Structures are given as C-alpha cells and as structure tokens.
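Undergrad: What follows is the file run-v4.txt, containing compact mmCIF, C-alpha atoms:
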# COMPACT_ATOMS: atom_id res chain seq x y z
CA VAL A 158 83.96 143.78 85.03
CA LEU A 159 85.54 140.33 84.97
CA GLU A 160 85.45 138.25 81.85
CA PRO A 161 84.78 134.50 82.32
CA ASP A 162 88.28 133.60 81.08
CA ASP A 163 89.80 135.89 83.77
CA VAL A 164 88.57 133.58 86.55
CA ARG A 165 90.71 130.47 87.04
CA VAL A 166 89.13 127.11 87.82
CA GLU A 167 90.55 126.99 91.35
CA GLU A 168 89.03 130.40 92.09
CA TRP A 169 85.58 129.12 91.12
CA LEU A 170 86.07 125.94 93.16
CA ASN A 171 87.40 127.78 96.21
CA ALA A 172 84.37 130.09 96.19
CA LEU A 173 81.93 127.18 96.47
CA ARG A 174 80.54 125.63 99.66
CA TRP A 175 81.85 122.09 100.27
CA ASP A 176 80.36 121.30 103.69
CA TYR A 177 77.25 119.50 102.46
CA PRO A 178 75.39 117.63 105.21
CA ARG A 179 75.84 113.86 105.24
CA PRO A 180 72.83 111.65 104.58
CA GLU A 181 71.00 110.36 107.62
CA GLY A 182 69.37 107.00 108.29
CA GLU A 183 69.39 104.48 105.46
CA GLU A 184 70.06 107.05 102.73
CA THR A 185 73.18 106.44 100.65
CA PHE A 186 73.42 109.84 98.92
CA GLN A 187 72.06 113.30 99.49
CA LEU A 188 71.75 116.13 96.96
CA ASP A 189 72.07 119.81 97.70
CA LEU A 190 70.77 122.27 95.09
CA THR A 191 71.55 125.99 95.06
CA ILE A 192 70.29 128.31 92.32
CA THR A 193 71.67 131.83 92.11
CA THR A 194 72.45 134.52 89.57
CA ASP A 195 75.72 134.10 87.71
CA PRO A 196 78.23 136.60 89.20
CA LEU A 197 79.65 137.23 85.71
CA ASP A 198 76.28 137.60 83.97
CA PRO A 199 73.36 138.94 86.06
CA GLU A 200 70.99 137.90 83.25
CA ALA A 201 71.93 134.22 83.67
CA TRP A 202 71.34 131.67 86.42
CA LEU A 203 73.87 129.36 87.98
CA ALA A 204 72.81 125.97 89.39
CA LEU A 205 75.15 124.30 91.88
CA ILE A 206 74.49 120.64 92.58
CA GLY A 207 76.30 119.16 95.56
CA LEU A 208 76.44 115.44 96.26
CA SER A 209 77.36 113.92 99.59
CA ALA A 210 77.66 110.25 100.38
CA ALA A 211 77.17 108.33 103.60
CA ALA A 212 80.32 107.09 105.27
CA PRO A 213 80.80 103.36 104.71
CA ARG A 214 80.41 101.13 107.75
CA GLU A 215 83.93 99.78 107.32
CA LEU A 216 86.74 101.21 105.20
CA PRO A 217 89.07 98.94 103.20
CA ALA A 218 92.43 98.36 104.85
CA ARG A 219 94.53 99.12 101.74
CA ARG A 220 94.97 102.41 99.87
CA TYR A 221 96.30 103.14 96.41
CA VAL A 222 97.43 106.74 96.05
CA SER A 223 98.43 108.45 92.82
CA VAL A 224 100.24 111.78 93.27
CA VAL A 225 100.44 114.10 90.27
CA LEU A 226 103.18 116.63 91.03
CA ASP A 227 103.76 119.86 89.09
CA ALA A 228 107.49 120.19 88.31
CA SER A 229 107.14 123.23 86.05
CA GLY A 230 109.25 126.38 86.28
CA SER A 231 106.66 128.32 88.29
CA MET A 232 107.03 125.81 91.15
CA GLY A 233 110.54 127.24 91.72
CA HIS A 234 109.13 130.48 93.15
CA ASP A 235 108.01 131.33 96.70
CA ASN A 236 109.09 128.01 98.25
CA LYS A 237 106.42 126.08 96.30
CA LEU A 238 108.89 123.29 95.46
CA ASN A 239 109.81 122.59 99.09
CA THR A 240 106.19 122.86 100.21
CA ALA A 241 105.10 120.34 97.58
CA ARG A 242 107.98 117.97 98.43
CA THR A 243 107.15 118.16 102.15
CA LEU A 244 103.47 117.51 101.42
CA VAL A 245 104.30 114.34 99.45
CA GLU A 246 106.80 113.14 102.07
CA THR A 247 104.18 113.65 104.80
CA LEU A 248 101.61 111.73 102.77
CA ILE A 249 104.09 108.86 102.27
CA SER A 250 104.90 108.78 106.00
CA ARG A 251 101.20 108.19 106.78
CA LEU A 252 100.84 105.17 104.51
CA SER A 253 101.08 101.61 105.81
CA GLU A 254 103.30 98.95 104.27
CA GLU A 255 100.18 97.44 102.64
CA ASP A 256 99.41 100.70 100.81
CA ARG A 257 100.77 101.55 97.36
CA ILE A 258 101.71 104.92 95.91
CA SER A 259 102.37 106.13 92.39
CA LEU A 260 104.17 109.40 91.71
CA VAL A 261 103.95 111.36 88.46
CA GLN A 262 106.05 114.47 87.92
CA PHE A 263 105.14 116.68 84.99
CA SER A 264 106.12 119.95 83.42
CA GLN A 265 105.75 120.43 79.66
CA VAL A 266 105.46 116.62 79.44
CA VAL A 267 105.27 113.78 81.95
CA LEU A 268 108.78 113.26 83.30
CA GLY A 269 108.85 109.50 82.80
CA GLU A 270 112.25 109.00 84.42
CA TYR A 271 110.71 110.20 87.72
CA THR A 272 107.45 108.27 87.46
CA VAL A 273 107.03 105.62 90.16
CA ARG A 274 104.29 102.97 89.78
CA HIS A 275 102.47 101.36 92.71
CA ALA A 276 105.43 101.37 95.08
CA ALA A 277 105.51 100.50 98.76
CA PRO A 278 105.88 103.66 100.89
CA ASP A 279 109.48 102.76 101.80
CA ASP A 280 110.56 102.20 98.18
CA GLU A 281 113.84 103.99 97.39
CA ALA A 282 112.44 104.98 93.97
CA LEU A 283 110.05 107.41 95.74
CA THR A 284 112.86 109.00 97.74
CA SER A 285 114.99 109.27 94.63
CA SER A 286 112.19 110.82 92.55
CA LEU A 287 111.47 113.43 95.22
CA ARG A 288 115.19 114.18 95.66
CA GLU A 289 115.43 114.90 91.91
CA PHE A 290 112.28 117.08 91.95
CA GLN A 291 113.35 120.30 90.20
CA PRO A 292 111.29 122.97 88.44
CA ASN A 293 111.63 123.21 84.67
CA GLN A 294 109.75 124.30 81.53
CA SER A 295 106.02 124.96 81.15
CA THR A 296 102.93 123.51 82.88
CA ASN A 297 100.98 120.81 81.02
CA ALA A 298 98.49 119.84 83.73
CA GLU A 299 96.51 117.78 81.21
CA ALA A 300 99.48 115.46 80.55
CA GLY A 301 100.16 115.00 84.27
CA LEU A 302 96.54 114.33 85.14
CA ARG A 303 96.10 111.86 82.27
CA LYS A 304 99.11 109.84 83.48
CA GLY A 305 98.00 110.06 87.12
CA TYR A 306 94.52 108.75 86.31
CA GLU A 307 96.00 106.06 84.06
CA LEU A 308 98.02 104.79 87.04
CA ALA A 309 95.01 105.11 89.35
CA LEU A 310 92.89 102.99 86.99
CA GLU A 311 95.71 100.46 86.70
CA GLY A 312 95.80 100.25 90.51
CA ARG A 313 92.03 99.83 90.62
CA ARG A 314 92.27 96.86 88.24
CA GLN A 315 95.03 95.34 90.42
CA ASP A 316 93.16 95.81 93.70
CA PRO A 317 89.50 96.82 93.27
CA ASP A 318 88.76 96.42 96.99
CA ALA A 319 91.26 99.10 98.08
CA LEU A 320 90.52 102.80 98.47
CA HIS A 321 91.87 104.76 95.50
CA TYR A 322 92.92 108.42 95.58
CA VAL A 323 94.44 110.90 93.12
CA PHE A 324 96.18 113.98 94.56
CA PHE A 325 97.02 116.87 92.22
CA ILE A 326 99.70 119.19 93.59
CA SER A 327 100.25 122.33 91.55
CA ASP A 328 100.28 126.09 91.69
CA GLY A 329 97.41 125.82 89.23
CA VAL A 330 98.68 127.75 86.23
CA ALA A 331 98.50 125.49 83.16
CA ASN A 332 99.99 127.19 80.12
CA VAL A 333 100.49 124.37 77.56
CA GLY A 334 98.33 121.44 76.50
CA ASP A 335 94.64 121.90 77.20
CA THR A 336 94.53 125.11 79.27
CA ARG A 337 90.76 125.56 79.20
CA ALA A 338 88.77 125.43 82.43
Turn the structure described in the file into structure tokens.
TA:
Amino acid sequence: VLEPDDVRVEEWLNALRWDYPRPEGEETFQLDLTITTDPLDPEAWLALIGLSAAAPRELPARRYVSVVLDASGSMGHDNKLNTARTLVETLISRLSEEDRISLVQFSQVVLGEYTVRHAAPDDEALTSSLREFQPNQSTNAEAGLRKGYELALEGRRQDPDALHYVFFISDGVANVGDTRA
C-alpha cells in the first residue's frame, strides 16, 4: 500500500487527464468536474476540477519567457544535463528578436552569476550561461521557482500586453528548501 508521501507531485499530475474540451460559442471558460474515490484512501473522495479557456482571437506578437533550470547534482546523470541544455537552446531558437527570455539556474540556491534577465534571444549572456551549465549540490526547486516567477512578474510589469510563460526544467526531485508537494 502506498503512503501519500510516497507519490511525487509529478506522478499525480502525469496521471491526470489534461485534454479538456475547449469552450464553444461565446463562452470564455469551461469547467470539467470529475469525482472519484481517492486511490490512496478508498474511504475518501477526490474531486478534480479542470478549467479550459477559449483561444483568443489574436495572440500578442511578443513573448516573455522565464526558464527555471535545475543545475543540481542529479541532473548530471543519464544525459539529463544535455537534454535540458538542448531543450533551452531549441526554445531560444524559436523566439523572435522582439521576444525576451530570462534564465534562472538553481541548485541548492539560485546561481545568480548565471541568471539572465529579459535578454534578446541572441544575447551572448544566454549562450554563456548555458555553456557554464554544470550539475552541483542539492535541489532547491522552491528557490528556483521563486526567482523565475519574480522575473516573470517583472517582465509582466514591463510589457503587460505580451504573452508570459514560465518553464520549469528539472528531474523533479527537490531535496532542500520546501520539499512538500
């Protein structure tokens, strides 16, 4: 029998359905409600509420992207480091010169010397930060996410009409800071 703390957050999320139907007609949002027994406690009920939004008629031309990149020791195994680096480089290659990208590397703390704020996709600071991307120490996902969202909110204040994204790239094993689900 599994204990609740034995199931990692990403395992719960990956088990859920994400293909909610889009709203039709003039509706802006649509809710999807599923009620089932809790797989870890047959005496309890689990309510899953899914929200889908209608696609906007026209998307903003500019994007602000914040990438939060796990640089902890566990990323040095099984080619995770190169996979993560390639993922970020591919993302950068798909941005236009009007877009802006922030990059946060973290391990036990945010690695400030590798943090890049709202750079153009061809900025040498991004290339340099990714070149220096090396695994070290423990995983403090909380610290990385806090800094990533801080930069995302800063970008939103600078350009509220742009689309804003936060990408979290990690092997998902936080072991320092707030490690709770």
Undergrad: Identify the residues around (76.6, 106.8, 99.2) within a radius of 7 Å, measuring from only C-alpha atoms in the coordinates stated by the file, and give them as a list in words.
TA: Thr185, Phe186, Ala210 and Ala211 of chain A
Undergrad: Quick one, how far is atom CA of Ala277 of chain A from atom CA of Val323 of chain A?
TA: 16.2 Å
Undergrad: I'd like the neighbourhood of segment 259-261 of chain A as a VMD selection string, where a residue qualifies if any of its atoms comes within 6 Å (using only C-alpha atoms), though same-chain residues fewer than 5 positions away should be ignored.
TA: chain A and resid 223 to 226 272 to 275
Undergrad: Restricting it to C-alpha atoms, dump the selection as a PDB file, in the frame of the given file.
TA:
ATOM      1  CA  SER A 223      98.430 108.450  92.820  1.00  0.00           C
ATOM      2  CA  VAL A 224     100.240 111.780  93.270  1.00  0.00           C
ATOM      3  CA  VAL A 225     100.440 114.100  90.270  1.00  0.00           C
ATOM      4  CA  LEU A 226     103.180 116.630  91.030  1.00  0.00           C
ATOM      5  CA  THR A 272     107.450 108.270  87.460  1.00  0.00           C
ATOM      6  CA  VAL A 273     107.030 105.620  90.160  1.00  0.00           C
ATOM      7  CA  ARG A 274     104.290 102.970  89.780  1.00  0.00           C
ATOM      8  CA  HIS A 275     102.470 101.360  92.710  1.00  0.00           C
TER       9      HIS A 275
END
Undergrad: Which is closer to Phe325 of chain A than all the others in A:Phe290, A:Trp202, A:Tyr177, A:Phe263, using only C-alpha atoms?
TA: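 Nearest to Phe325 of chain A: A:Phe263.
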Undergrad: Using all atoms listed in the file, I'd like a table of the residues in segment 188-291 of chain A that come within 8 Å of segment 328-335 of chain A; for each, show the closest atom pair and its distance in Å rounded to one decimal, ordered by chain and ascending number, as a Markdown table.
TA:
| residue | atom | partner | partner_atom | distance |
| --- | --- | --- | --- | --- |
| A:Asp227 | CA | A:Asp328 | CA | 7.6 |
| A:Ser231 | CA | A:Asp328 | CA | 7.6 |
| A:Met232 | CA | A:Asp328 | CA | 6.8 |
| A:Lys237 | CA | A:Asp328 | CA | 7.7 |
| A:Gln265 | CA | A:Val333 | CA | 6.9 |
Undergrad: Which polymer residues have any atom within 12 Å of an atom of Leu244 of chain A, counting only C-alpha atoms, with same-chain residues fewer than 3 positions away left out, as a ChimeraX atom specification?
TA: /A:224,226,237-241,247-251,287,324-327
Undergrad: Could you state the separation of atom CA of Arg313 of chain A and atom CA of Asp280 of chain A in Å, given to one decimal place?
TA: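 For atom CA of Arg313 of chain A relative to atom CA of Asp280 of chain A, the distance reads 20.2 Å.
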Undergrad: What does the structure give for the distance between atom CA of Leu302 of chain A and atom CA of Glu289 of chain A, in Å to one decimal?
TA: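 Distance reported for this atom pair: 20.1 Å.
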Undergrad: Let me have the centre and edge lengths in Å, one decimal, of the box along x, y and z around every listed atom of segment 187-205 of chain A with 3 Å of margin on each side, as JSON.
TA:
{"center_x": 75.0, "center_y": 126.1, "center_z": 91.4, "size_x": 15.4, "size_y": 31.6, "size_z": 22.2}
Undergrad: Please determine, counting all atoms listed in the file, which residue among A:Asn236, A:Ser285, A:Gln315, A:Asn297 has the shortest atom-to-atom distance to Arg257 of chain A.
TA: A:Gln315
Undergrad: Using only C-alpha atoms, pick whichever of A:Gly230, A:Gly301, A:Gly182, A:Pro196 has the shortest atom-to-atom distance to Val266 of chain A.
TA: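 Among A:Gly230, A:Gly301, A:Gly182, A:Pro196, it is A:Gly301 that comes nearest to Val266 of chain A.
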Undergrad: Nearest residue to Glu311 of chain A out of A:Thr194, A:Glu181, A:Asn171, A:Tyr221, using only C-alpha atoms?
TA: A:Tyr221
Undergrad: Using all atoms listed in the file, what residues lie at most 12 Å away from (103.8, 95.5, 104.7) (file coordinates), given as a VMD selection string?
TA: chain A and resid 218 to 219 252 to 257 276 to 280
Undergrad: Please produce segment 256-278 of chain A, completed to N, CA, C and O atoms, as a PDB file, keeping the file's coordinate frame.
TA:
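What landed in selection03.pdb:
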ATOM      1  N   ASP A 256      99.847  99.703 101.776  1.00  0.00           N
ATOM      2  CA  ASP A 256      99.410 100.700 100.810  1.00  0.00           C
ATOM      3  C   ASP A 256     100.398 100.788  99.647  1.00  0.00           C
ATOM      4  O   ASP A 256     101.550 100.392  99.773  1.00  0.00           O
ATOM      5  N   ARG A 257      99.935 101.347  98.534  1.00  0.00           N
ATOM      6  CA  ARG A 257     100.770 101.550  97.360  1.00  0.00           C
ATOM      7  C   ARG A 257     100.626 102.989  96.900  1.00  0.00           C
ATOM      8  O   ARG A 257      99.554 103.586  97.009  1.00  0.00           O
ATOM      9  N   ILE A 258     101.717 103.540  96.380  1.00  0.00           N
ATOM     10  CA  ILE A 258     101.710 104.920  95.910  1.00  0.00           C
ATOM     11  C   ILE A 258     102.385 105.018  94.554  1.00  0.00           C
ATOM     12  O   ILE A 258     103.396 104.355  94.299  1.00  0.00           O
ATOM     13  N   SER A 259     101.777 105.802  93.686  1.00  0.00           N
ATOM     14  CA  SER A 259     102.370 106.130  92.390  1.00  0.00           C
ATOM     15  C   SER A 259     102.671 107.619  92.407  1.00  0.00           C
ATOM     16  O   SER A 259     101.940 108.407  93.004  1.00  0.00           O
ATOM     17  N   LEU A 260     103.763 108.007  91.759  1.00  0.00           N
ATOM     18  CA  LEU A 260     104.170 109.400  91.710  1.00  0.00           C
ATOM     19  C   LEU A 260     104.432 109.787  90.258  1.00  0.00           C
ATOM     20  O   LEU A 260     105.165 109.094  89.556  1.00  0.00           O
ATOM     21  N   VAL A 261     103.773 110.842  89.817  1.00  0.00           N
ATOM     22  CA  VAL A 261     103.950 111.360  88.460  1.00  0.00           C
ATOM     23  C   VAL A 261     104.423 112.793  88.577  1.00  0.00           C
ATOM     24  O   VAL A 261     103.741 113.623  89.179  1.00  0.00           O
ATOM     25  N   GLN A 262     105.597 113.095  88.020  1.00  0.00           N
ATOM     26  CA  GLN A 262     106.050 114.470  87.920  1.00  0.00           C
ATOM     27  C   GLN A 262     105.823 114.927  86.487  1.00  0.00           C
ATOM     28  O   GLN A 262     106.054 114.183  85.541  1.00  0.00           O
ATOM     29  N   PHE A 263     105.368 116.153  86.337  1.00  0.00           N
ATOM     30  CA  PHE A 263     105.140 116.680  84.990  1.00  0.00           C
ATOM     31  C   PHE A 263     105.568 118.132  84.914  1.00  0.00           C
ATOM     32  O   PHE A 263     105.586 118.848  85.913  1.00  0.00           O
ATOM     33  N   SER A 264     105.946 118.540  83.738  1.00  0.00           N
ATOM     34  CA  SER A 264     106.120 119.950  83.420  1.00  0.00           C
ATOM     35  C   SER A 264     105.491 120.136  82.041  1.00  0.00           C
ATOM     36  O   SER A 264     104.278 120.012  81.917  1.00  0.00           O
ATOM     37  N   GLN A 265     106.301 120.324  81.014  1.00  0.00           N
ATOM     38  CA  GLN A 265     105.750 120.430  79.660  1.00  0.00           C
ATOM     39  C   GLN A 265     105.236 119.063  79.190  1.00  0.00           C
ATOM     40  O   GLN A 265     104.309 118.974  78.397  1.00  0.00           O
ATOM     41  N   VAL A 266     105.859 118.004  79.703  1.00  0.00           N
ATOM     42  CA  VAL A 266     105.460 116.620  79.440  1.00  0.00           C
ATOM     43  C   VAL A 266     105.556 115.861  80.759  1.00  0.00           C
ATOM     44  O   VAL A 266     106.092 116.371  81.747  1.00  0.00           O
ATOM     45  N   VAL A 267     105.070 114.634  80.780  1.00  0.00           N
ATOM     46  CA  VAL A 267     105.270 113.780  81.950  1.00  0.00           C
ATOM     47  C   VAL A 267     106.747 113.401  81.989  1.00  0.00           C
ATOM     48  O   VAL A 267     107.315 112.983  80.979  1.00  0.00           O
ATOM     49  N   LEU A 268     107.356 113.567  83.139  1.00  0.00           N
ATOM     50  CA  LEU A 268     108.780 113.260  83.300  1.00  0.00           C
ATOM     51  C   LEU A 268     108.908 111.782  83.669  1.00  0.00           C
ATOM     52  O   LEU A 268     108.966 111.412  84.841  1.00  0.00           O
ATOM     53  N   GLY A 269     108.907 110.952  82.628  1.00  0.00           N
ATOM     54  CA  GLY A 269     108.850 109.500  82.800  1.00  0.00           C
ATOM     55  C   GLY A 269     109.945 108.926  83.666  1.00  0.00           C
ATOM     56  O   GLY A 269     109.732 107.950  84.391  1.00  0.00           O
ATOM     57  N   GLU A 270     111.132 109.530  83.627  1.00  0.00           N
ATOM     58  CA  GLU A 270     112.250 109.000  84.420  1.00  0.00           C
ATOM     59  C   GLU A 270     112.006 109.158  85.921  1.00  0.00           C
ATOM     60  O   GLU A 270     112.659 108.518  86.727  1.00  0.00           O
ATOM     61  N   TYR A 271     111.031 110.002  86.311  1.00  0.00           N
ATOM     62  CA  TYR A 271     110.710 110.200  87.720  1.00  0.00           C
ATOM     63  C   TYR A 271     109.364 109.603  88.106  1.00  0.00           C
ATOM     64  O   TYR A 271     108.894 109.797  89.227  1.00  0.00           O
ATOM     65  N   THR A 272     108.734 108.888  87.178  1.00  0.00           N
ATOM     66  CA  THR A 272     107.450 108.270  87.460  1.00  0.00           C
ATOM     67  C   THR A 272     107.672 106.978  88.237  1.00  0.00           C
ATOM     68  O   THR A 272     108.511 106.157  87.870  1.00  0.00           O
ATOM     69  N   VAL A 273     106.934 106.826  89.321  1.00  0.00           N
ATOM     70  CA  VAL A 273     107.030 105.620  90.160  1.00  0.00           C
ATOM     71  C   VAL A 273     105.636 104.987  90.172  1.00  0.00           C
ATOM     72  O   VAL A 273     104.641 105.653  90.423  1.00  0.00           O
ATOM     73  N   ARG A 274     105.573 103.680  89.884  1.00  0.00           N
ATOM     74  CA  ARG A 274     104.290 102.970  89.780  1.00  0.00           C
ATOM     75  C   ARG A 274     104.072 102.052  90.973  1.00  0.00           C
ATOM     76  O   ARG A 274     104.855 101.166  91.232  1.00  0.00           O
ATOM     77  N   HIS A 275     102.992 102.267  91.675  1.00  0.00           N
ATOM     78  CA  HIS A 275     102.470 101.360  92.710  1.00  0.00           C
ATOM     79  C   HIS A 275     103.572 100.827  93.638  1.00  0.00           C
ATOM     80  O   HIS A 275     103.700  99.631  93.850  1.00  0.00           O
ATOM     81  N   ALA A 276     104.324 101.736  94.206  1.00  0.00           N
ATOM     82  CA  ALA A 276     105.430 101.370  95.080  1.00  0.00           C
ATOM     83  C   ALA A 276     104.974 101.286  96.531  1.00  0.00           C
ATOM     84  O   ALA A 276     104.001 101.923  96.931  1.00  0.00           O
ATOM     85  N   ALA A 277     105.700 100.502  97.308  1.00  0.00           N
ATOM     86  CA  ALA A 277     105.510 100.500  98.760  1.00  0.00           C
ATOM     87  C   ALA A 277     106.018 101.842  99.280  1.00  0.00           C
ATOM     88  O   ALA A 277     106.909 102.451  98.673  1.00  0.00           O
ATOM     89  N   PRO A 278     105.484 102.337 100.390  1.00  0.00           N
ATOM     90  CA  PRO A 278     105.880 103.660 100.890  1.00  0.00           C
ATOM     91  C   PRO A 278     107.380 103.790 101.199  1.00  0.00           C
ATOM     92  O   PRO A 278     107.912 104.890 101.153  1.00  0.00           O
TER      93      PRO A 278
END
